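Everything on this sheet refers to the single structure shown next.
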Amino acid sequence: MTTTIDGRPQAIQPGERLIDLINRSGIDIPQVCYHPQLGPIQTCDTCMVEVDGKLQRACGTLAADGMNVVTLSSRADAARREAFDRILGNHMLYCTVCDNNNGNCTVHNTTRLLAVEHQEIPYKPKPYEVDMSNPFYRYDPDQCILCGRCVQACQTLEVNETLSINWEDSHPRVLWDGGAPIGESSCVSCGHCVTVCPCNALMEKNMLGEAGYFTSLAKPALNGMIDIVKGIEPEIGYGSILQLSEMESHMRESRIKRTKTVCTYCGVGCSFDVWTKDRHILKVEPEHGPANGVSTCIKGKFGWDYVNSPDRLTKPLIREGASFREASWDEALTHVARRFAEIKAATGPDSLAFISSSKCTNEESYLMQKLARAVIGTNNMDNCSRYCQAPATMGLFRTVGYGGDSGSIHDIEKAGLVMIIGSNTAESHPVIATRVKRAHKMHGQKLIVSDLRANEMAERADVFLHPRPGTDLIWLSAITRYILANGLADQAFIDQWVNGAEEYRKSLESFTLEMASERCGLAVETLTKVAHMIAGASGVCILWAMGVTQHSMGSDTSTAISNLLLATGNYMKPGTGAYPLRGHNNVQGASDHGAMPNYFPGYQKVDDPAIRAKFERAWGVSLPPKPGLDNHMMIDAIHDGRLRAMYVFGEEMSLVDSNANYVADALSNLDFFVMQEIFFSETCRFADVILPASPSLEKEGTFTSTERRIQRLYEALEPLEGSRPDWQIIQDIANRLGAGWKYEHPSQIYEEIAPLTPLMAGVTYERLEGYKTLQWPVAEDGSDQPLLYTKQFNFPDGKATFFPVPWSEPTDQPNEEYDLHLNNGRLLEHFHEGNMTYRTEGIREKTPCTFIEVSPELASERGIQTGSWLQLTSRYGEVRAQAVITTRVRGRELYMPMNSTEEPVNRLTSSHTDKATHTPAYKEASVHLRVLGEIGQDPLPRTNSRHGHPTPQPGVEVERKWKRKDYRQPGDQLVQIQTR
Ligand code: SF4
Ligand code: SF4
Ligand code: SF4
Ligand code: FES
């Protein structure tokens with residue numbers, strides 16, 4: 001299949017857009033509104049070419065066999081110039097004093113490409129003010145070329161549906177919620193629009209006045225300079241003026257540093273360049289990240305102020321009585337090593353315990369577990385996956401063999417049906433949510449959501465299930481039984497690939513649809529419909545998170561999910577599989593790299609003598625043979641007096657562990673407690689020594705995201721004076737205990753990990769350079785597996801296994817006194833308790849505190865209104881917060897987000913756990929509610945996006961522009977859109 005371009009035949013790929021083919025052929029033509037990740041928008045007309053003798057937009061045309069394309073004709077060239085001239089009528093070229101003059105401005109670069117010397121249509125400002133009302137970005141209508149990229153991104157990629165263009169207006173512009181100030185609209189500050197804007201109409205506020213050499217000048221001086229340049233333009237033309245601005249742009253390269261990094265918040269694994277000038281963070285620029293492309297959420301795009309917060313710890317602190325004194329690094333590290341050695345000598349290595357951070361790098365987790373095992377001699381080693389993800393891992397270990405997502409985010413996009421269970425994906429994993437929202441809106445993907453709350457994904461779903469709390473296992477098993485019993489299963493797949501079918505079928509006998517309906521409160525018809533949708537779909541991906549795992553049946557429900565996928569043949573193919581959504585940026589990597597009580601790196605068992613012997617040889621020590629304590633057991637062991645010392649880094653344990661009062665009591669009972677942190681966290685209050693660490697922007701290493709994707713991060717800023725990267729601190733302690741480690745760079749740590757860890761055998765820093773990534777397992781030759789199980793499952797016979805799971809009653813059930821069910825989770829704007837995100841002023845402004853969601857029914861029964869102060873008391877503690885009345889929750893179910901250090905929801909949660917993994921049953925909590933009588937303001941201020949009114953539409957709707965009386969396609973008779 002070939003298309004001829006300017007007389008030269010070019011082979012075409014199926015479905016290839018003509019613009020992509022032209023670009024691939026090395027021909028430069030303008031394409032101002034086109035962005036490959038958004039698809040054709042067709043608003044700018046600058047890509048006109050002749051196709052079989054007719055002028056057409058190259059972006060809106062598919063390349064076809066036998067097509068004859070001419071880009072070089074004077075007719076096509078004239079049309080493109082005419083189109084770009086219209087753009088310049090909407091945009092003043094003042095590049096030298098523009099913060100967007102950084103070499104990547106599409107309008108600037110197109111002016112140069114077309115060698116524009118003078119414009120025909122004079123620039124006219126629009127009759128609107130600049131909108132500065134969003135804390136993170138601003139919109140300047142006078143510079144807006146109406147390309148619509150921002151609208152397309154907001155409507156079809158982010159799918160927040162805030163933006164539109166009023167094409168019929170005499171002065172079209174971009175609108176937020178149809179005409180609200182940005183700061184009072186439904187805009188969630190994800191930054192997609194700013195990222196894709198091809199000029200300076202949408203700009204990150206952190207860039208303003210900072211990027212250029214002249215851009216910080218006062219407005220009158222700037223305007224004066226612009227006037228001078230405009231004055232000489234008719235005489236000298238744009239060419240010379242552009243040369244000047246390009247010199248200035250090149251000069252910026254020496255002071256603006258662009259560093260690739262990986263987001264430090266959730267497990268999606270967004271990567272981007274961070275632009276810095278000294279320690280000032282100018283902006284985050286996503287584009288090439290394999291997980292996210294141009295996408296981010298508010299946290300990854302704008303939530304970085306914590307790095308330069310004045311609250312950063314910069315001196316080691318040593319406890320003296322009730323307070324702390326500053327100490328030198330040498331004194332603090334020597335003190336830590338001495339106390340560890342003393343305690344080990346007095347009560348044995350198992351009286352010490354270590355907790356690694358799932359915010360920190362793989363290399364740091366590896367060193368922490370090596371310190372615990374090889375230097376101290378204990379397997380008392382864990383990370384916070386215990387609090388969230390361990391049950392999902394267990395469910396997958398039992399059934400398919402690997403404890404990770406079975407495919408990639410691309411598979412989720414491709415699936416015919418996505419089912420989301422117990423995950424508020426749009427807030428907790430926002431960029432994955434964008435892919436589901438886009439596929440659902442644009443490509444007909446079906447969506448089923450099961451949740452206690454009518455969250456955003458539930459609102460969008462084709463079917464929304466609201467089961468009774470703690471009953472997911474029942475309805476999942478019931479629809480699997482129905483599918484197996486009614487010939488809807490993929491029998492050929494089961495026969496070939498799954499063991500234990502008969503036993504499993506028998507285990508489902510009691511799970512009839514009627515029983516499920518009665519226990520779960522779901523209609524039989526709804527369950528039947530769901531079963532048929534799953535059985536009939538072309539590829540099913542199931543996404544789940546803490547709403548499943550943080551239950552006493554977390555592992556069993558995760559297993560039931562995998563059983564359902566096996567019964568319907570939804571493994572081993574693109575667009576299928578199991579996707580437990582990992583919470584922290586590196587919670588997958590922390591477990592992968594051995595920060596667990598029973599596994600060395602790569603899930604190699606500590607109680608397997610051959611494995612242990614391998615590590616003993618490599619590390620030159622003998623290693624403890626029995627699995628150690630997990631972090632739940634550690635707390636009990638402190639209360640029992642068996643555990644005397646602890647070393648925790650990057651983990652707000654006293655707030656994020658369940659039954660926070662019980663945890664706090666334990667931590668205060670330790671003989672010696674070392675915290676390594678970037679701020680003085682709540683948990684630091686219990687420490688004896690606090691070591692100031694460096695956050696992700698200040699170090700190198702690797703993170704592993706939810707899709708098992710290993711990615712490198714580079715040092716964007718030097719460690720803040722006085723702080724140190726965690727890997728260096730751990731090494732310093734190990735060496736003071738005689739370890740003799742000599743790592744000078746994290747790459748050397750990985751050189752040690754790879755040969756010891758078959759799962760990561762081929763991981764090298766070279767193979768991860770820049771935006772290159774690997775998805776484990778990685779063979780020695782560097783080949784990886786974006787889709788798992790393409791050849792077999794991870795069991796000796798290559799087959800998966802049905803794993804029968806019974807149901808039992810949830811713990812901490814309501815009774816007469818504790819009569820309400822309390823659910824909890826994350827909020828879009830904050831990460832967990834908010835230690836990092838509250839330090840971004842704009843986030844704090846929009847989301848200043850936690851709150852309690854109350855249903856309208858309960859509110860009217862108890863006389864509660866939005867703003868009412870409430871006290872919640874559970875069997876374990878109490879908290880106070882204000883009410884938000886919302887239909888997101890129903891009946892006697894409450895919801896409280898976890899973004900508070902003052903009133904943490906985990907004071908209310910219990911010490912009950914999942915039986916198999918000891919993950920706390922955070923989602924099984926009953927409370928008593930007391931209305932305190934005071935009524936304050938709505939805890940969600942007017943500027944919070946939840947008060948907005950989105951304006952969904954299919955995209956930018958360019959057809960409305962084409963219908964304007966003053967629009968003609970360039971190359972035909974020209975009439976410009978009048979702006980004044
Ligand atoms: S939600 Fe806001 S920041 Fe995100 S694309 Fe839409 S308008 Fe832009
Ligand atoms: S604000 Fe939107 S429409 Fe205006 S130039 Fe930027 S991306 Fe295009
Ligand atoms: S928090 Fe998650 S979704 Fe948001 S930018 Fe970071 S990795 Fe992406
Ligand atoms: S790039 Fe084709 S119309 Fe804008």
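Ordering of the structure tokens sets the chain letters (A, B, ...), residue numbers begin anew at 1 in every chain, and ligands are numbered from 1 in the order given.
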Can you pull out every residue within 9 Å of stretch 534-547 of chain A, counting only C-alpha atoms, but drop anything in the same chain fewer than 3 positions away, and send it as an MDAnalysis selection string? chainID A and resid 388:389 392 411:412 414:425 446 451:452 470 483 488:490 529:531 550:551 554 558 561:562 565 568:571 573:583 823:825 922:923
Which residues of stretch 650-750 of chain A sit at most 12 Å from stretch 777-785 of chain A, using only C-alpha atoms? Give each one's shortest atom pair and distance in Å (one decimal place), in chain and ascending residue order, as JSON lines.
{"residue": "A:Thr704", "atom": "CA", "partner": "A:Pro777", "partner_atom": "CA", "distance": 11.9}
{"residue": "A:Glu707", "atom": "CA", "partner": "A:Gln785", "partner_atom": "CA", "distance": 10.3}
{"residue": "A:Arg708", "atom": "CA", "partner": "A:Pro777", "partner_atom": "CA", "distance": 8.4}
{"residue": "A:Arg709", "atom": "CA", "partner": "A:Gln785", "partner_atom": "CA", "distance": 9.6}
{"residue": "A:Ile710", "atom": "CA", "partner": "A:Val778", "partner_atom": "CA", "distance": 10.0}
Output all heavy atoms for every residue in that selection, as a CSV table (one decimal), in the first residue's frame.
chain,number,residue,atom,x,y,z
A,704,THR,N,9.1,1.4,40.4
A,704,THR,CA,8.3,0.4,39.6
A,704,THR,C,6.8,0.7,39.8
A,704,THR,O,6.3,0.7,40.9
A,704,THR,CB,8.6,-1.0,40.0
A,704,THR,OG1,10.0,-1.2,40.0
A,704,THR,CG2,7.9,-2.0,39.1
A,707,GLU,N,2.0,-1.1,36.6
A,707,GLU,CA,2.0,-2.0,35.5
A,707,GLU,C,3.4,-2.7,35.4
A,707,GLU,O,3.8,-3.1,34.3
A,707,GLU,CB,1.6,-1.3,34.2
A,707,GLU,CG,2.2,0.0,34.0
A,707,GLU,CD,1.9,0.7,32.6
A,707,GLU,OE1,1.2,0.2,31.8
A,707,GLU,OE2,2.5,1.8,32.4
A,708,ARG,N,4.1,-2.8,36.5
A,708,ARG,CA,5.4,-3.5,36.6
A,708,ARG,C,6.4,-2.8,35.8
A,708,ARG,O,7.4,-3.4,35.4
A,708,ARG,CB,5.3,-5.0,36.2
A,708,ARG,CG,4.4,-5.9,37.0
A,708,ARG,CD,4.2,-7.2,36.3
A,708,ARG,NE,3.2,-7.1,35.2
A,708,ARG,CZ,3.6,-7.1,33.9
A,708,ARG,NH1,4.8,-7.3,33.5
A,708,ARG,NH2,2.7,-7.0,33.0
A,709,ARG,N,6.2,-1.5,35.6
A,709,ARG,CA,7.1,-0.7,34.7
A,709,ARG,C,8.2,-0.1,35.5
A,709,ARG,O,8.0,0.7,36.5
A,709,ARG,CB,6.3,0.3,34.0
A,709,ARG,CG,7.1,1.0,32.9
A,709,ARG,CD,6.2,2.1,32.2
A,709,ARG,NE,5.1,1.7,31.5
A,709,ARG,CZ,5.1,1.1,30.3
A,709,ARG,NH1,6.2,0.9,29.7
A,709,ARG,NH2,3.9,0.8,29.7
A,710,ILE,N,9.4,-0.5,35.2
A,710,ILE,CA,10.6,0.1,36.0
A,710,ILE,C,11.1,1.3,35.2
A,710,ILE,O,11.3,1.2,34.0
A,710,ILE,CB,11.7,-1.0,36.1
A,710,ILE,CG1,11.1,-2.3,36.6
A,710,ILE,CG2,12.8,-0.5,37.0
A,710,ILE,CD1,12.1,-3.5,36.4
Computed gap from atom CA of A:Leu822 to atom CA of A:Pro950 is 29.3 Å
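Between atom CA of A:Asp99 and atom CA of A:Pro198 the interatomic distance comes to 12.9 Å.
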For stretch 67-69 of chain A, please output as a compact mmCIF listing (two decimals) with N, CA and C atoms, in the first residue's frame all residues within 10 Å (counting only C-alpha atoms; exclusion window: fewer than 5 positions along the same chain).
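To be explicit, this is the file written out as selection08.txt:
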# COMPACT_ATOMS: atom_id res chain seq x y z
N MET A 1 0.86 -1.20 0.00
CA MET A 1 0.00 0.00 0.00
C MET A 1 0.90 1.25 0.00
N THR A 2 0.76 2.06 -1.00
CA THR A 2 1.60 3.25 -1.05
C THR A 2 0.78 4.51 -1.36
N THR A 3 1.26 5.60 -0.83
CA THR A 3 0.73 6.92 -1.17
C THR A 3 1.90 7.68 -1.80
N THR A 4 1.61 8.43 -2.83
CA THR A 4 2.68 9.21 -3.46
C THR A 4 2.67 10.61 -2.86
N ILE A 5 3.83 11.02 -2.35
CA ILE A 5 3.93 12.37 -1.80
C ILE A 5 4.99 13.13 -2.61
N ASP A 6 4.58 14.20 -3.18
CA ASP A 6 5.46 15.02 -4.01
C ASP A 6 6.25 14.15 -4.99
N GLY A 7 5.53 13.20 -5.60
CA GLY A 7 6.12 12.37 -6.63
C GLY A 7 6.85 11.14 -6.12
N ARG A 8 7.01 11.03 -4.77
CA ARG A 8 7.76 9.87 -4.25
C ARG A 8 6.79 8.91 -3.55
N PRO A 9 6.80 7.63 -3.98
CA PRO A 9 5.90 6.67 -3.32
C PRO A 9 6.35 6.40 -1.87
N LEU A 18 -2.57 10.99 7.18
CA LEU A 18 -1.69 11.57 6.17
C LEU A 18 -0.63 12.45 6.82
N ILE A 22 3.35 12.15 6.28
CA ILE A 22 4.17 13.26 5.79
C ILE A 22 5.32 13.52 6.78
N VAL A 49 -2.85 20.35 2.16
CA VAL A 49 -2.08 19.77 1.06
C VAL A 49 -3.07 19.45 -0.06
N GLU A 50 -2.54 19.19 -1.23
CA GLU A 50 -3.41 18.77 -2.32
C GLU A 50 -3.49 17.25 -2.33
N VAL A 51 -4.70 16.75 -2.24
CA VAL A 51 -4.90 15.30 -2.30
C VAL A 51 -5.71 15.02 -3.56
N ASP A 52 -5.08 14.32 -4.49
CA ASP A 52 -5.72 14.05 -5.79
C ASP A 52 -6.33 15.33 -6.36
N GLY A 53 -5.57 16.40 -6.25
CA GLY A 53 -5.97 17.66 -6.87
C GLY A 53 -6.87 18.53 -6.02
N LYS A 54 -7.26 18.07 -4.85
CA LYS A 54 -8.18 18.84 -4.02
C LYS A 54 -7.47 19.26 -2.73
N LEU A 55 -7.70 20.49 -2.26
CA LEU A 55 -7.07 20.93 -1.00
C LEU A 55 -7.73 20.22 0.18
N GLN A 56 -6.93 19.61 1.01
CA GLN A 56 -7.47 18.91 2.19
C GLN A 56 -6.54 19.10 3.37
N ALA A 58 -4.25 17.67 6.00
CA ALA A 58 -3.52 16.41 6.09
C ALA A 58 -3.81 15.69 7.41
N LEU A 62 -7.00 10.22 6.08
CA LEU A 62 -6.25 8.97 6.24
C LEU A 62 -5.48 8.70 4.94
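The residue that comes closest to A:Pro627, out of A:Asn379, A:Ser164, A:Thr156, A:Gln491 and on the basis of only C-alpha atoms, is A:Asn379.
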DSSP on the backbone, then: every residue of stretch 534-659 of chain A marked strand (DSSP E), written as a PyMOL selection string. chain A and resi 540-544+577-580+599-600+604-605+645-649
Could you save the residues just selected, with N, CA, C and O atoms, as a short mmCIF file (atom, residue, chain, number, x, y, z; two decimals), in the first residue's frame?
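Here's the written file result_31.cif:
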data_model
loop_
_atom_site.label_atom_id
_atom_site.label_comp_id
_atom_site.auth_asym_id
_atom_site.auth_seq_id
_atom_site.Cartn_x
_atom_site.Cartn_y
_atom_site.Cartn_z
N VAL A 540 -11.95 -8.48 28.85
CA VAL A 540 -12.36 -7.85 30.11
C VAL A 540 -11.12 -7.58 30.95
O VAL A 540 -10.28 -8.46 31.14
N CYS A 541 -11.00 -6.35 31.44
CA CYS A 541 -9.98 -6.02 32.44
C CYS A 541 -10.71 -5.69 33.74
O CYS A 541 -11.67 -4.91 33.72
N ILE A 542 -10.27 -6.27 34.83
CA ILE A 542 -10.85 -5.90 36.13
C ILE A 542 -9.81 -5.11 36.92
O ILE A 542 -8.68 -5.55 37.11
N LEU A 543 -10.22 -3.92 37.34
CA LEU A 543 -9.37 -3.03 38.14
C LEU A 543 -9.91 -3.03 39.56
O LEU A 543 -11.13 -2.91 39.74
N TRP A 544 -9.05 -3.20 40.54
CA TRP A 544 -9.54 -3.10 41.91
C TRP A 544 -8.49 -2.48 42.81
O TRP A 544 -7.32 -2.39 42.48
N GLY A 577 -7.38 -9.11 31.66
CA GLY A 577 -6.53 -9.37 32.82
C GLY A 577 -6.91 -8.67 34.10
O GLY A 577 -7.91 -7.97 34.20
N ALA A 578 -6.04 -8.89 35.09
CA ALA A 578 -6.25 -8.44 36.46
C ALA A 578 -5.36 -7.25 36.75
O ALA A 578 -4.14 -7.32 36.52
N TYR A 579 -5.96 -6.19 37.28
CA TYR A 579 -5.20 -4.96 37.51
C TYR A 579 -5.45 -4.41 38.91
O TYR A 579 -6.27 -3.52 39.11
N PRO A 580 -4.76 -4.97 39.91
CA PRO A 580 -4.81 -4.33 41.22
C PRO A 580 -4.05 -3.01 41.12
O PRO A 580 -2.90 -2.99 40.69
N TYR A 599 10.35 -12.69 51.85
CA TYR A 599 10.95 -12.77 50.51
C TYR A 599 12.23 -11.94 50.41
O TYR A 599 12.26 -10.79 50.86
N PHE A 600 13.23 -12.52 49.76
CA PHE A 600 14.33 -11.74 49.23
C PHE A 600 13.83 -11.01 47.98
O PHE A 600 12.70 -11.25 47.53
N GLN A 604 11.78 -14.31 46.16
CA GLN A 604 12.50 -15.55 46.43
C GLN A 604 12.43 -15.79 47.94
O GLN A 604 12.80 -14.92 48.74
N LYS A 605 11.97 -16.99 48.29
CA LYS A 605 11.61 -17.24 49.69
C LYS A 605 12.82 -17.27 50.62
O LYS A 605 13.82 -17.95 50.32
N ALA A 645 13.49 -2.11 69.00
CA ALA A 645 14.01 -1.00 68.19
C ALA A 645 13.43 -1.08 66.78
O ALA A 645 13.17 -2.17 66.26
N MET A 646 13.30 0.09 66.19
CA MET A 646 12.74 0.13 64.84
C MET A 646 13.43 1.22 64.03
O MET A 646 13.79 2.26 64.58
N TYR A 647 13.55 0.94 62.73
CA TYR A 647 14.11 1.93 61.80
C TYR A 647 13.11 2.04 60.66
O TYR A 647 12.86 1.06 59.96
N VAL A 648 12.52 3.22 60.50
CA VAL A 648 11.48 3.44 59.49
C VAL A 648 11.93 4.59 58.61
O VAL A 648 12.39 5.61 59.13
N PHE A 649 11.79 4.45 57.30
CA PHE A 649 12.04 5.63 56.48
C PHE A 649 10.88 5.90 55.53
O PHE A 649 10.26 4.98 54.98
#
Using only C-alpha atoms and all ligand atoms, which protein or nucleic acid residues are at most 8 Å from ligand 2, as an NGL selection string? :A and (33 or 139-141 or 143-151 or 165 or 173-174 or 193-194 or 196-202)
Pick out each residue of stretch 782-940 of chain A that DSSP on the backbone tags as helix (DSSP H, G or I); I need them as JSON, numbers by chain. {"A": [837, 838, 839, 841, 842, 843, 844, 845, 846, 856, 857, 858, 859, 860, 861, 862, 905, 906, 907]}
Contacts of ligand 1, 6 Å or closer, only C-alpha atoms and all ligand atoms, given as a PyMOL selection string: chain A and resi 153-154+160+162-163+187-193
Take the selection from the previous step and output its residues with N, CA, C and O atoms, as a PDB file, in the first residue's frame.
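Listed below is the output, result13.pdb:
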ATOM      1  N   ALA A 153      -8.226  18.099  24.652  1.00  0.00           N
ATOM      2  CA  ALA A 153      -7.573  17.367  25.745  1.00  0.00           C
ATOM      3  C   ALA A 153      -8.524  17.223  26.930  1.00  0.00           C
ATOM      4  O   ALA A 153      -8.635  16.152  27.536  1.00  0.00           O
ATOM      5  N   CYS A 154      -9.219  18.283  27.266  1.00  0.00           N
ATOM      6  CA  CYS A 154     -10.095  18.251  28.439  1.00  0.00           C
ATOM      7  C   CYS A 154     -11.334  17.388  28.185  1.00  0.00           C
ATOM      8  O   CYS A 154     -11.810  16.702  29.070  1.00  0.00           O
ATOM      9  N   ASN A 160     -12.551  15.522  31.614  1.00  0.00           N
ATOM     10  CA  ASN A 160     -13.180  16.242  32.723  1.00  0.00           C
ATOM     11  C   ASN A 160     -14.310  17.124  32.196  1.00  0.00           C
ATOM     12  O   ASN A 160     -15.150  17.577  32.942  1.00  0.00           O
ATOM     13  N   THR A 162     -14.640  20.144  31.012  1.00  0.00           N
ATOM     14  CA  THR A 162     -14.787  21.510  31.514  1.00  0.00           C
ATOM     15  C   THR A 162     -14.747  22.528  30.372  1.00  0.00           C
ATOM     16  O   THR A 162     -15.456  23.528  30.406  1.00  0.00           O
ATOM     17  N   LEU A 163     -13.908  22.275  29.387  1.00  0.00           N
ATOM     18  CA  LEU A 163     -13.612  23.303  28.386  1.00  0.00           C
ATOM     19  C   LEU A 163     -14.481  23.199  27.133  1.00  0.00           C
ATOM     20  O   LEU A 163     -14.873  22.109  26.712  1.00  0.00           O
ATOM     21  N   CYS A 187     -12.860  22.591  36.764  1.00  0.00           N
ATOM     22  CA  CYS A 187     -11.469  22.252  36.420  1.00  0.00           C
ATOM     23  C   CYS A 187     -10.764  21.587  37.601  1.00  0.00           C
ATOM     24  O   CYS A 187     -10.730  22.134  38.697  1.00  0.00           O
ATOM     25  N   VAL A 188     -10.180  20.418  37.343  1.00  0.00           N
ATOM     26  CA  VAL A 188      -9.485  19.684  38.404  1.00  0.00           C
ATOM     27  C   VAL A 188      -7.977  19.956  38.404  1.00  0.00           C
ATOM     28  O   VAL A 188      -7.219  19.285  39.094  1.00  0.00           O
ATOM     29  N   SER A 189      -7.562  20.945  37.641  1.00  0.00           N
ATOM     30  CA  SER A 189      -6.154  21.349  37.601  1.00  0.00           C
ATOM     31  C   SER A 189      -5.217  20.199  37.238  1.00  0.00           C
ATOM     32  O   SER A 189      -4.122  20.071  37.792  1.00  0.00           O
ATOM     33  N   CYS A 190      -5.663  19.379  36.303  1.00  0.00           N
ATOM     34  CA  CYS A 190      -4.810  18.268  35.878  1.00  0.00           C
ATOM     35  C   CYS A 190      -3.679  18.757  34.987  1.00  0.00           C
ATOM     36  O   CYS A 190      -2.668  18.078  34.831  1.00  0.00           O
ATOM     37  N   GLY A 191      -3.902  19.913  34.345  1.00  0.00           N
ATOM     38  CA  GLY A 191      -2.847  20.505  33.533  1.00  0.00           C
ATOM     39  C   GLY A 191      -2.772  20.025  32.108  1.00  0.00           C
ATOM     40  O   GLY A 191      -1.905  20.483  31.348  1.00  0.00           O
ATOM     41  N   HIS A 192      -3.662  19.114  31.676  1.00  0.00           N
ATOM     42  CA  HIS A 192      -3.603  18.652  30.281  1.00  0.00           C
ATOM     43  C   HIS A 192      -3.649  19.832  29.313  1.00  0.00           C
ATOM     44  O   HIS A 192      -2.889  19.897  28.345  1.00  0.00           O
ATOM     45  N   CYS A 193      -4.579  20.765  29.560  1.00  0.00           N
ATOM     46  CA  CYS A 193      -4.788  21.875  28.624  1.00  0.00           C
ATOM     47  C   CYS A 193      -3.527  22.732  28.530  1.00  0.00           C
ATOM     48  O   CYS A 193      -3.122  23.141  27.438  1.00  0.00           O
TER      49      CYS A 193
END
Using only C-alpha atoms, pick whichever of A:Ser186, A:Ser507, A:Asn815, A:Asn563 has the shortest atom-to-atom distance to A:Arg398. A:Asn563
Counting only C-alpha atoms, what is within 10 Å of stretch 105-118 of chain A, bar same-chain residues fewer than 2 positions away, as a PyMOL selection string? chain A and resi 28-33+46+77+80-81+84-85+87-88+91+93-95+100-103+120-122+145+197-200+233-243+245-246
Set the cut-off to 8 Å, count only C-alpha atoms and all ligand atoms, and list whatever residues fall near ligand 3 as a PyMOL selection string. chain A and resi 262-271+292+295-301+428-432+585+831
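Proximity to ligand 4 was assessed for A:Leu623, A:Val958, A:Ala439, A:Ala426 counting only C-alpha atoms and all ligand atoms; the smallest distance is recorded for A:Val958.
Considering the residues A:Leu371, A:Ile635, A:Ala567, A:Glu878 and counting only C-alpha atoms, A:Gln496 has its shortest atom-to-atom contact with A:Ala567.
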Could you pull the residues within 8 Å of A:Ile638, counting only C-alpha atoms, minus those fewer than 5 positions along the same chain, as a PyMOL selection string? chain A and resi 643-644+666-667+669-670
Can you pull out every residue within 9 Å of A:Ile182, counting only C-alpha atoms, but drop anything in the same chain fewer than 6 positions away, and send it as JSON, numbers by chain? {"A": [131, 132, 133, 134, 138, 139, 175, 176, 943]}
